[in-house]
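Undergrad: Shown below is the structure under consideration.
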Number of protein chains: 2
Amino acid sequence: MGTQTTEGVQSVARALGLLKILSGHDEGVRVSDAARESGLAVSTTHRLLTTLELQGFAQFDPERALWHVGREAFAVGAAFGRRHNFVAPALPYLRRLRDVTRETANLGILDSDELVTISQVESREIMRAISPPGGRVPAFCSGMGKAILATWEDADIAAFAARTGFRPLTGQSHRGLETAMADIGRIRARGYALDDEEHVTGLRCVAAVVWSPQGEAACAISVSGLAARLQEERIGEIGETVARAAAELTAKLGGVAAPG
Amino acid sequence: MGTQTTEGVQSVARALGLLKILSGHDEGVRVSDAARESGLAVSTTHRLLTTLELQGFAQFDPERALWHVGREAFAVGAAFGRRHNFVAPALPYLRRLRDVTRETANLGILDSDELVTISQVESREIMRAISPPGGRVPAFCSGMGKAILATWEDADIAAFAARTGFRPLTGQSHRGLETAMADIGRIRARGYALDDEEHVTGLRCVAAVVWSPQGEAACAISVSGLAARLQEERIGEIGETVARAAAELTAKLGGVAAPG
DNA sequence: AAAATGTTTTCCATTGTATGGAAAGGTATA
DNA sequence: TATACCTTTCCATACAATGGAAAACATTTT
């Protein structure tokens with residue numbers, strides 16, 4: 001009986017799963033909790049965690065008997081950030097967006113069908129970051145995701161939707177192609193995308209796309225804040241501001257908007 | 001014949017090794033190169049990489065047949081950064097240090113006996129980042145490392161040296177306890193550490209320690225630049241500046257310097 | 001103080017799974 | 001066309017990962 005699995009090498013997949021569990025608990029995880037959450041035997045969990053630790057990907061705090069994500073994971077993850085080297089040049093623009101709008105500014109890319117927030121400049125208002133860097137969201141539930149999708153051909157968007165489906169996160173999230181395409185149309189017309197509580201209830205987000213030198217969407221930037229603060233009358237103005245910042249960043253990166 | 005584990009679960013250790021290899025090649029790696037570099041069979045390498053990809057830790061570019069670090073690695077690594085939550089508050093100080101000195105400003109922590117650079121604000125001068133974030137250095141070869149060690153009891157430093165040894169990286173690196181302790185003494189007296197080409201030849205670095213609320217070293221910040229630019233006459237002044245910034249950051253974080 | 005509960009950690013026989021060689025399927029270079 | 005080097009799949013074999021059980025330890029309850 002061979003190993004035909006859709007998950008690859010079992011022990012590796014399990015270890016990576018544990019790593020994800022660790023990353024979901026900043027306060028640390030005990031062996032037995034990790035075992036419970038992963039569904040693995042305690043001894044197996046312990047062995048895998050030990051292996052991760054030996055390689056520096058996990059860290060054990062003997063005082064409190066808690067496991068954490070280790071430095072090596074950070075080092076490896078940093079390589080991913082490095083490849084998306086528009087992060088550093090984008091920071092000044094994000095900061096300015098934050099200062100002008102007094103809301104949180106974000107930068108995200110589409111990666112493996114999901115929107116990944118890569119960088120973030122937090123609002124100085126009380127609200128804490130709601131989707132911290134590293135977080136992933138279905139593309140259709142994200143302002144940045146929709147802004148990027150809107151640069152694609154209709155057929156490609158349809159194929160994407162067929163492949164990934166809509167994975168609505170709130171009552172407002174898209175759950176069908178018709179309404180989504182209507183939204184896409186509006187995004188193309190205005191030059192910016194609006195996420196109206198489609199990701200998290202109570203949160204709005206205005207996003208625009210940044211182009212690569214190849215004329216493809218390189219990333220998107222956005223401004224997000226409480227719906228209560230981001231009301232109709234401000235949306236238009238903020239949309240313009242975000243779109244302008246995106247255009248400037250595009251220029252800075254030597255990007256070009258694809259021919260309409 | 002059982003599994004003698006100095007490295008833990010074999011397949012997991014191998015997969016993590018591949019991940020490190022990927023992170024060392026921002027331009028991407030081919031299967032066969034990864035196999036060569038890791039010493040694994042090509043088929044094994046391929047299988048492990050596939051597994052990493054299925055879990056989002058690696059990314060395959062079919063166009064160019066190159067493997068990269070994946071988004072999940074970034075997400076997991078971000079958790080490590082989050083735990084060291086002094087990074088965000090430190091950024092304004094780093095930026096100011098960079099602006100005042102026109103050199104690169106760094107923030108690092110001691111983790112598993114090595115100094116890990118967690119954050120960095122680059123000089124606007126031509127020079128590219130020499131030790132990018134995520135990089136690790138033996139503590140005694142690093143200004144930040146030495147600044148942190150200097151806060152320990154002498155006996156603890158000696159024990160540390162005995163355990164890890166000196167792993168000199170340049171001709172100037174410490175390679176014995178006597179000279180190292182003399183250096184530590186100077187660091188304590190002045191309030192800042194100097195790395196005089198002990199990490200990379202041609203590179204100097206001036207570092208000071210940031211204290212945690214528990215009266216322990218939380219992290220260190222530093223300014224690094226070409227030795228040619230960081231000459232004797234500037235060192236004293238920059239040292240003061242770095243030490244002052246470290247003290248301000250300590251205050252901001254609610255930290256307290258340990259009683260001398 | 002002893003017992004009960006819930007850990008972490010080690011051990012080991014068993015079996016299932018990771019392994020690498022070989023071959024098939026691709027894609028450039030000569 | 002042939003050559004070379006690559007990626008990807010297949011498969012029998014043996015080795016390494018597994019989970020149960022028990023030991024070692026910590027904390028709370030009786």
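Ordered as shown in the structure tokens, chains take letters A, B, and onward, while each chain numbers its residues from 1 and ligands are numbered from 1 in the order shown.
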Do you know which residues are at most 10 Å from B:Met144 counting only C-alpha atoms (C1' of nucleotides), after dropping those on the same chain fewer than 6 positions away, and could you put them as a VMD selection string?
TA: chain B and resid 106 to 110 115 to 117 137 150 192 to 195 205 to 209 219 to 223
Undergrad: What lies within 9 Å of A:Ser32 using only C-alpha atoms (C1' of nucleotides), ignoring chain neighbours under 2 positions off, as a list of chain:residue names?
TA: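 Listing them by chain and then by number gives A:Val29, A:Arg30, A:Ala34, A:Ala35, A:Arg36, A:Glu37, A:Ala41, A:Val42, A:Thr45, A:His46, C:DT7, C:DT8.
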Undergrad: Show me, as a compact mmCIF listing (two decimals) with C-alpha atoms, in the first residue's frame, the residues that have an atom within 10 Å of A:Val12 when counting only C-alpha atoms (C1' of nucleotides), minus same-chain residues fewer than 6 positions from it.
TA:
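selection_31.txt written:
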```txt
# COMPACT_ATOMS: atom_id res chain seq x y z
CA LEU A 18 2.11 22.53 13.36
CA LEU A 48 7.81 17.02 15.15
CA VAL B 9 12.45 13.49 11.86
CA GLN B 10 14.45 13.02 8.71
CA SER B 11 12.01 14.10 6.06
CA VAL B 12 11.01 17.15 8.04
CA ALA B 13 14.58 18.20 8.63
CA ARG B 14 15.28 17.76 4.94
CA ALA B 15 12.27 19.79 3.91
CA LEU B 16 13.23 22.61 6.25
CA LEU B 48 9.66 17.47 -0.69
CA THR B 51 4.92 19.01 -0.36
CA LEU B 52 6.14 22.43 0.66
CA GLN B 55 1.25 23.73 2.09
```
Undergrad: Can I get the residues of chain A within 6 Å of chain B, each with the closest pair of atoms and their distance in Å to one decimal, using only C-alpha atoms, sorted chain first then ascending number, as a Markdown table?
TA:
```
| residue | atom | partner | partner_atom | distance |
| --- | --- | --- | --- | --- |
| A:Gly8 | CA | B:Thr51 | CA | 4.5 |
| A:Val9 | CA | B:Thr51 | CA | 6.0 |
| A:Val12 | CA | B:Val12 | CA | 4.8 |
| A:Ser23 | CA | B:Ala79 | CA | 5.2 |
| A:Thr51 | CA | B:Gly8 | CA | 4.5 |
| A:Val69 | CA | B:Phe80 | CA | 5.6 |
| A:Ala73 | CA | B:Gly77 | CA | 4.7 |
| A:Phe74 | CA | B:Gly77 | CA | 3.8 |
| A:Ala75 | CA | B:Gly134 | CA | 4.0 |
| A:Val76 | CA | B:Ser23 | CA | 5.2 |
| A:Gly77 | CA | B:Phe74 | CA | 3.8 |
| A:Ala79 | CA | B:Ser23 | CA | 5.2 |
| A:Phe80 | CA | B:Val69 | CA | 5.6 |
| A:Gly134 | CA | B:Ala75 | CA | 4.1 |
```
Undergrad: With N, CA and C atoms retained, export the selected residues as a PDB file, in the first residue's frame.
TA:
```
ATOM      1  N   GLY A   8       1.219  15.317  -0.034  1.00  0.00           N
ATOM      2  CA  GLY A   8       2.651  15.149  -0.111  1.00  0.00           C
ATOM      3  C   GLY A   8       3.180  14.271   1.012  1.00  0.00           C
ATOM      4  N   VAL A   9       4.413  14.500   1.349  1.00  0.00           N
ATOM      5  CA  VAL A   9       5.066  13.701   2.381  1.00  0.00           C
ATOM      6  C   VAL A   9       4.388  13.950   3.727  1.00  0.00           C
ATOM      7  N   VAL A  12       6.172  15.773   6.732  1.00  0.00           N
ATOM      8  CA  VAL A  12       6.471  17.169   6.408  1.00  0.00           C
ATOM      9  C   VAL A  12       5.198  18.005   6.467  1.00  0.00           C
ATOM     10  N   SER A  23       1.909  29.679  14.581  1.00  0.00           N
ATOM     11  CA  SER A  23       1.817  31.071  14.134  1.00  0.00           C
ATOM     12  C   SER A  23       0.452  31.666  14.462  1.00  0.00           C
ATOM     13  N   THR A  51      11.810  18.522  16.181  1.00  0.00           N
ATOM     14  CA  THR A  51      12.520  18.637  14.906  1.00  0.00           C
ATOM     15  C   THR A  51      12.512  20.075  14.417  1.00  0.00           C
ATOM     16  N   VAL A  69       6.841  30.178  17.274  1.00  0.00           N
ATOM     17  CA  VAL A  69       7.515  30.215  15.984  1.00  0.00           C
ATOM     18  C   VAL A  69       8.951  30.700  16.191  1.00  0.00           C
ATOM     19  N   ALA A  73      12.106  30.634  10.843  1.00  0.00           N
ATOM     20  CA  ALA A  73      10.871  30.871  10.092  1.00  0.00           C
ATOM     21  C   ALA A  73      10.816  32.335   9.672  1.00  0.00           C
ATOM     22  N   PHE A  74      11.258  33.172  10.565  1.00  0.00           N
ATOM     23  CA  PHE A  74      11.299  34.597  10.251  1.00  0.00           C
ATOM     24  C   PHE A  74      12.264  34.857   9.106  1.00  0.00           C
ATOM     25  N   ALA A  75      13.438  34.246   9.213  1.00  0.00           N
ATOM     26  CA  ALA A  75      14.467  34.466   8.192  1.00  0.00           C
ATOM     27  C   ALA A  75      13.982  33.997   6.825  1.00  0.00           C
ATOM     28  N   VAL A  76      13.351  32.836   6.813  1.00  0.00           N
ATOM     29  CA  VAL A  76      12.866  32.292   5.546  1.00  0.00           C
ATOM     30  C   VAL A  76      11.723  33.155   5.003  1.00  0.00           C
ATOM     31  N   GLY A  77      10.839  33.547   5.897  1.00  0.00           N
ATOM     32  CA  GLY A  77       9.721  34.385   5.474  1.00  0.00           C
ATOM     33  C   GLY A  77      10.194  35.712   4.902  1.00  0.00           C
ATOM     34  N   ALA A  79      12.615  36.206   3.081  1.00  0.00           N
ATOM     35  CA  ALA A  79      12.990  36.021   1.677  1.00  0.00           C
ATOM     36  C   ALA A  79      11.789  36.267   0.771  1.00  0.00           C
ATOM     37  N   PHE A  80      10.640  35.856   1.248  1.00  0.00           N
ATOM     38  CA  PHE A  80       9.424  36.093   0.463  1.00  0.00           C
ATOM     39  C   PHE A  80       9.189  37.592   0.307  1.00  0.00           C
ATOM     40  N   GLY A 134       0.595  39.298   6.608  1.00  0.00           N
ATOM     41  CA  GLY A 134       0.689  37.848   6.565  1.00  0.00           C
ATOM     42  C   GLY A 134      -0.676  37.210   6.424  1.00  0.00           C
TER      43      GLY A 134
END
```
Undergrad: Mind giving me the straight-line distance from atom CA of A:Arg204 to atom CA of A:Leu169 in Å, one decimal?
TA: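 Going from atom CA of A:Arg204 over to atom CA of A:Leu169, I get 13.5 Å.
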Undergrad: Up to 9 Å from chain B, what residues of chain C turn up? Count only C-alpha atoms (C1' of nucleotides) and give them as a list in words.
TA: DC12, DA18, DT19 and DG20 of chain C
Undergrad: Since we have the selection now, will you write its residues out, keeping C-alpha atoms (C1' of nucleotides), as a compact mmCIF listing (two decimals), in the first residue's frame?
TA:
```txt
# COMPACT_ATOMS: atom_id res chain seq x y z
C1' DC C 12 10.30 0.53 21.27
C1' DA C 18 9.60 7.91 2.65
C1' DT C 19 13.12 6.66 -0.27
C1' DG C 20 16.18 6.70 -4.57
```
Undergrad: Once DSSP has gone over the backbone, tell me which residues of stretch 118-208 of chain B are in helix (DSSP H, G or I), as a PyMOL selection string.
TA: chain B and resi 139-141+143-149+154-164+177-190
Undergrad: Can you write just those residues out, N, CA and C atoms, as a compact mmCIF listing (two decimals), in the first residue's frame?
TA:
```txt
# COMPACT_ATOMS: atom_id res chain seq x y z
N ALA B 139 27.02 36.16 18.33
CA ALA B 139 26.85 37.35 19.15
C ALA B 139 28.14 38.16 19.30
N PHE B 140 29.26 37.46 19.45
CA PHE B 140 30.51 38.18 19.70
C PHE B 140 31.04 38.91 18.46
N CYS B 141 30.46 38.61 17.31
CA CYS B 141 30.90 39.27 16.08
C CYS B 141 29.99 40.44 15.72
N GLY B 143 28.02 44.15 16.90
CA GLY B 143 27.92 45.26 17.84
C GLY B 143 26.68 45.09 18.71
N MET B 144 25.56 44.78 18.08
CA MET B 144 24.33 44.61 18.84
C MET B 144 24.45 43.43 19.80
N GLY B 145 25.07 42.35 19.30
CA GLY B 145 25.26 41.18 20.15
C GLY B 145 26.08 41.52 21.39
N LYS B 146 27.16 42.23 21.17
CA LYS B 146 28.04 42.57 22.30
C LYS B 146 27.34 43.53 23.26
N ALA B 147 26.56 44.44 22.70
CA ALA B 147 25.85 45.38 23.57
C ALA B 147 24.90 44.63 24.49
N ILE B 148 24.27 43.60 23.97
CA ILE B 148 23.34 42.82 24.79
C ILE B 148 24.10 41.98 25.80
N LEU B 149 25.15 41.31 25.34
CA LEU B 149 25.94 40.49 26.26
C LEU B 149 26.47 41.33 27.42
N ASP B 154 29.12 38.76 34.48
CA ASP B 154 30.35 38.21 33.90
C ASP B 154 30.31 36.70 33.80
N ALA B 155 29.83 36.06 34.85
CA ALA B 155 29.81 34.60 34.87
C ALA B 155 28.94 34.06 33.74
N ASP B 156 27.82 34.74 33.49
CA ASP B 156 26.92 34.29 32.43
C ASP B 156 27.57 34.45 31.06
N ILE B 157 28.31 35.53 30.91
CA ILE B 157 29.00 35.75 29.64
C ILE B 157 30.03 34.65 29.42
N ALA B 158 30.75 34.34 30.48
CA ALA B 158 31.78 33.31 30.38
C ALA B 158 31.14 31.97 30.02
N ALA B 159 30.03 31.68 30.67
CA ALA B 159 29.32 30.42 30.39
C ALA B 159 28.85 30.39 28.93
N PHE B 160 28.35 31.53 28.50
CA PHE B 160 27.89 31.64 27.11
C PHE B 160 29.04 31.36 26.15
N ALA B 161 30.18 32.00 26.42
CA ALA B 161 31.34 31.83 25.56
C ALA B 161 31.79 30.37 25.55
N ALA B 162 31.75 29.75 26.73
CA ALA B 162 32.17 28.36 26.83
C ALA B 162 31.24 27.47 26.01
N ARG B 163 29.99 27.79 26.06
CA ARG B 163 28.99 26.96 25.37
C ARG B 163 29.05 27.13 23.85
N THR B 164 29.11 28.39 23.42
CA THR B 164 29.00 28.63 21.97
C THR B 164 30.35 28.77 21.28
N LEU B 177 38.38 34.87 25.54
CA LEU B 177 37.55 35.52 26.55
C LEU B 177 38.19 36.80 27.09
N GLU B 178 39.52 36.77 27.24
CA GLU B 178 40.16 37.96 27.82
C GLU B 178 39.83 39.23 27.04
N THR B 179 40.18 39.21 25.76
CA THR B 179 39.96 40.43 24.98
C THR B 179 38.47 40.76 24.91
N ALA B 180 37.64 39.73 24.83
CA ALA B 180 36.21 39.97 24.76
C ALA B 180 35.73 40.68 26.03
N MET B 181 36.19 40.22 27.19
CA MET B 181 35.75 40.82 28.44
C MET B 181 36.26 42.26 28.56
N ALA B 182 37.45 42.50 28.05
CA ALA B 182 37.97 43.86 28.06
C ALA B 182 37.04 44.76 27.24
N ASP B 183 36.64 44.23 26.09
CA ASP B 183 35.71 44.97 25.22
C ASP B 183 34.40 45.22 25.96
N ILE B 184 33.89 44.17 26.59
CA ILE B 184 32.64 44.29 27.35
C ILE B 184 32.77 45.40 28.40
N GLY B 185 33.91 45.42 29.07
CA GLY B 185 34.15 46.46 30.08
C GLY B 185 34.04 47.85 29.46
N ARG B 186 34.64 48.02 28.28
CA ARG B 186 34.58 49.32 27.62
C ARG B 186 33.14 49.66 27.23
N ILE B 187 32.42 48.65 26.78
CA ILE B 187 31.02 48.87 26.39
C ILE B 187 30.22 49.38 27.58
N ARG B 188 30.42 48.73 28.73
CA ARG B 188 29.68 49.15 29.92
C ARG B 188 30.05 50.57 30.32
N ALA B 189 31.32 50.90 30.19
CA ALA B 189 31.78 52.23 30.60
C ALA B 189 31.19 53.32 29.70
N ARG B 190 31.25 53.08 28.39
CA ARG B 190 30.81 54.09 27.44
C ARG B 190 29.29 54.14 27.26
```
Undergrad: Give the residues of chain D that lie within 8 Å of chain B; count only C-alpha atoms (C1' of nucleotides), and format the answer as a list in words.
TA: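 The complete set of qualifying residues is DC6, DT7, DA16 and DA17 of chain D.
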Undergrad: Could you tell me how far atom CA of A:Val87 sits from atom CA of A:Thr250, in Å to one decimal place?
TA: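 Separating atom CA of A:Thr250 from atom CA of A:Val87 is a distance of 12.3 Å.
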